[in-house]
Amino acid sequence: MLKYTHTRRHPTGDVYASSRREADLKTATLLGTLVFVSVCAASLQVSSPDSRSDLPQYASGDELVRPEGYREWIFLSSRLRVNSKASSGEGETFGDVFVSPSAYHQFRATGGWPDKTVFVLEKRMSWSKSSAETVDHYETDLMGISVEVKDTARFAEKWAYFSFDSSTKTAKANPRAMCWQCHNGGGAVENTYVQFYPTLKPLAQQFGTYRQAVEGPDSLRK
C-alpha cells in the first residue's frame, strides 16, 4: 500500500522570506535614489549659473586679485582699435570682452547687473596680412587686461576699474577720471557698454533698462 506523506511548510517561513525580499527591494531602491540625488547634486554644482567661483576676490584691502579662468566665462564682444596717427599695421589692438557667468544669467533674467558682477577686457596686439583685395587682422600677444567690478559695499560709486599688465597679480582701483566717468556717461546699462554687446542689447531694451540716449552722435567717441 502506498503511503502518502504531506509536508506542511510552516507559515512563519513564508512570511520571513517575503519580508526579507521586501527589505532587500527597499534597500536597493533607497541606494538607487541616493546615487541619483548625488549625481544630480554634482551636476548642479558644476553647471549652476550661481557658482561663487566668478566673484571678485581681494587682497590687501581693496586690491583686486587678477581673475583666473575668465576665458571660460561668457564672451560678449570684440573690437579692433586703430590708432589713426600710427602707420599701417601699428597701433592696432584687439579687445575681447568677457563677463562672469553668474552675472550674465542674472542679466538675461532681469536686464540688470547684480552686485559682484565682473567684466574682463582682454587686450592683445594685432598682426595684419594684406592682399590685393583684403586686409586681415589677427590677434597675437597678450598686452594686459582691464577689469570692471560692481561692488556696492566696497566702492562708493558702485563700479570700480582695474588695470593689469600681462603678469600683474593684484591691482588697485584706477582713479575716477580714468575710467569711471566715461563708463558712467556712455554706458547703455549702468556703467556698461551694452550698446556694443549685440546679444544683450535687445534684452536690455525689452526690460526697459537700456538708455537710448547713449546712441547719440557723441557716444562712439567715448
# chains A, B, ... in the order shown; residues from 1 in each chain; ligands from 1

call {"tool": "residues_around", "arguments": {"residues": "A:Val149", "least_positions_apart": "5", "cutoff": "6 Å", "atoms": "only C-alpha atoms", "output": "MDAnalysis selection string"}}
result
chainID A and resid 117:118 159:160

call {"tool": "residues_around", "arguments": {"residues": "stretch 180-182 of chain A", "least_positions_apart": "5", "cutoff": "9 Å", "atoms": "only C-alpha atoms", "output": "number ranges by chain"}}
result
A: 157, 159-161, 174-175, 187, 191, 222

call {"tool": "write_last_selection", "arguments": {"atoms": "C-alpha atoms", "output": "PDB file, in the first residue's frame"}}
result
ATOM      1  CA  GLU A 157      30.357 104.719  -6.756  1.00  0.00           C
ATOM      2  CA  TRP A 159      31.642 100.360 -10.062  1.00  0.00           C
ATOM      3  CA  ALA A 160      35.444 100.287  -9.990  1.00  0.00           C
ATOM      4  CA  TYR A 161      38.083  99.725 -12.669  1.00  0.00           C
ATOM      5  CA  ASN A 174      42.041 103.314 -11.166  1.00  0.00           C
ATOM      6  CA  PRO A 175      41.312 106.998 -10.447  1.00  0.00           C
ATOM      7  CA  GLY A 187      27.174 103.074 -20.777  1.00  0.00           C
ATOM      8  CA  ASN A 191      28.248 101.715 -16.346  1.00  0.00           C
ATOM      9  CA  LYS A 222      33.950 107.632 -25.638  1.00  0.00           C
TER      10      LYS A 222
END

call {"tool": "select_by_dssp", "arguments": {"residues": "stretch 138-172 of chain A", "states": "strand (DSSP E)", "output": "list in words"}}
result
Tyr138, Glu139, Thr140, Asp141, Leu142, Met143, Gly144, Ile145, Ser146, Val147, Glu148, Val149, Lys150, Trp159, Ala160, Tyr161, Phe162, Ser163, Phe164, Asp165, Thr170 and Ala171 of chain A

call {"tool": "closest_residue", "arguments": {"among": "A:Glu122, A:Glu72, A:Asp54, A:Glu133", "to": "A:Val147", "atoms": "only C-alpha atoms"}}
result
A:Glu122

call {"tool": "atom_distance", "arguments": {"atom1": "atom CA of A:Tyr138", "atom2": "atom CA of A:Ser163"}}
result
23.1 Å

call {"tool": "residues_around", "arguments": {"residues": "A:Arg71", "least_positions_apart": "5", "cutoff": "12 Å", "atoms": "only C-alpha atoms", "output": "list in words"}}
result
Asp54, Leu76, Asp96, Val97, Phe98, Val99, Ser100, Pro101, Phe119, Val120, Leu121, Glu122 and Ile145 of chain A

call {"tool": "atom_distance", "arguments": {"atom1": "atom CA of A:Glu139", "atom2": "atom CA of A:Gly95"}}
result
9.1 Å

call {"tool": "closest_residue", "arguments": {"among": "A:Gln195, A:Ser78, A:Asn184, A:Ser131", "to": "A:Glu215", "atoms": "only C-alpha atoms"}}
result
A:Gln195

call {"tool": "residues_around", "arguments": {"residues": "A:Tyr58", "least_positions_apart": "5", "cutoff": "10 Å", "atoms": "only C-alpha atoms", "output": "JSON, numbers by chain"}}
result
{"A": [63, 64, 65, 66, 170, 171, 172]}

call {"tool": "closest_residue", "arguments": {"among": "A:Asn83, A:Asp136, A:Lys123, A:Leu203", "to": "A:Tyr104", "atoms": "only C-alpha atoms"}}
result
A:Leu203

call {"tool": "atom_distance", "arguments": {"atom1": "atom CA of A:Lys201", "atom2": "atom CA of A:Ala188"}}
result
8.6 Å

call {"tool": "select_by_dssp", "arguments": {"residues": "stretch 84-210 of chain A", "states": "alpha helix (DSSP H)", "output": "list in words"}}
result
Pro101, Ser102, Ala103, Tyr104, His105, Gln106, Phe107, Arg108, Ala109, Thr110, Trp180, Gln181, Cys182, His183, Asn184, Gly185, Gly186, Lys201, Pro202, Leu203, Ala204, Gln205, Gln206 and Phe207 of chain A

call {"tool": "closest_residue", "arguments": {"among": "A:Gln205, A:Thr140, A:Glu148, A:Phe75", "to": "A:Ala173", "atoms": "only C-alpha atoms"}}
result
A:Glu148

call {"tool": "closest_residue", "arguments": {"among": "A:His137, A:Arg176, A:Arg108, A:Arg81", "to": "A:Ala156", "atoms": "only C-alpha atoms"}}
result
A:Arg176
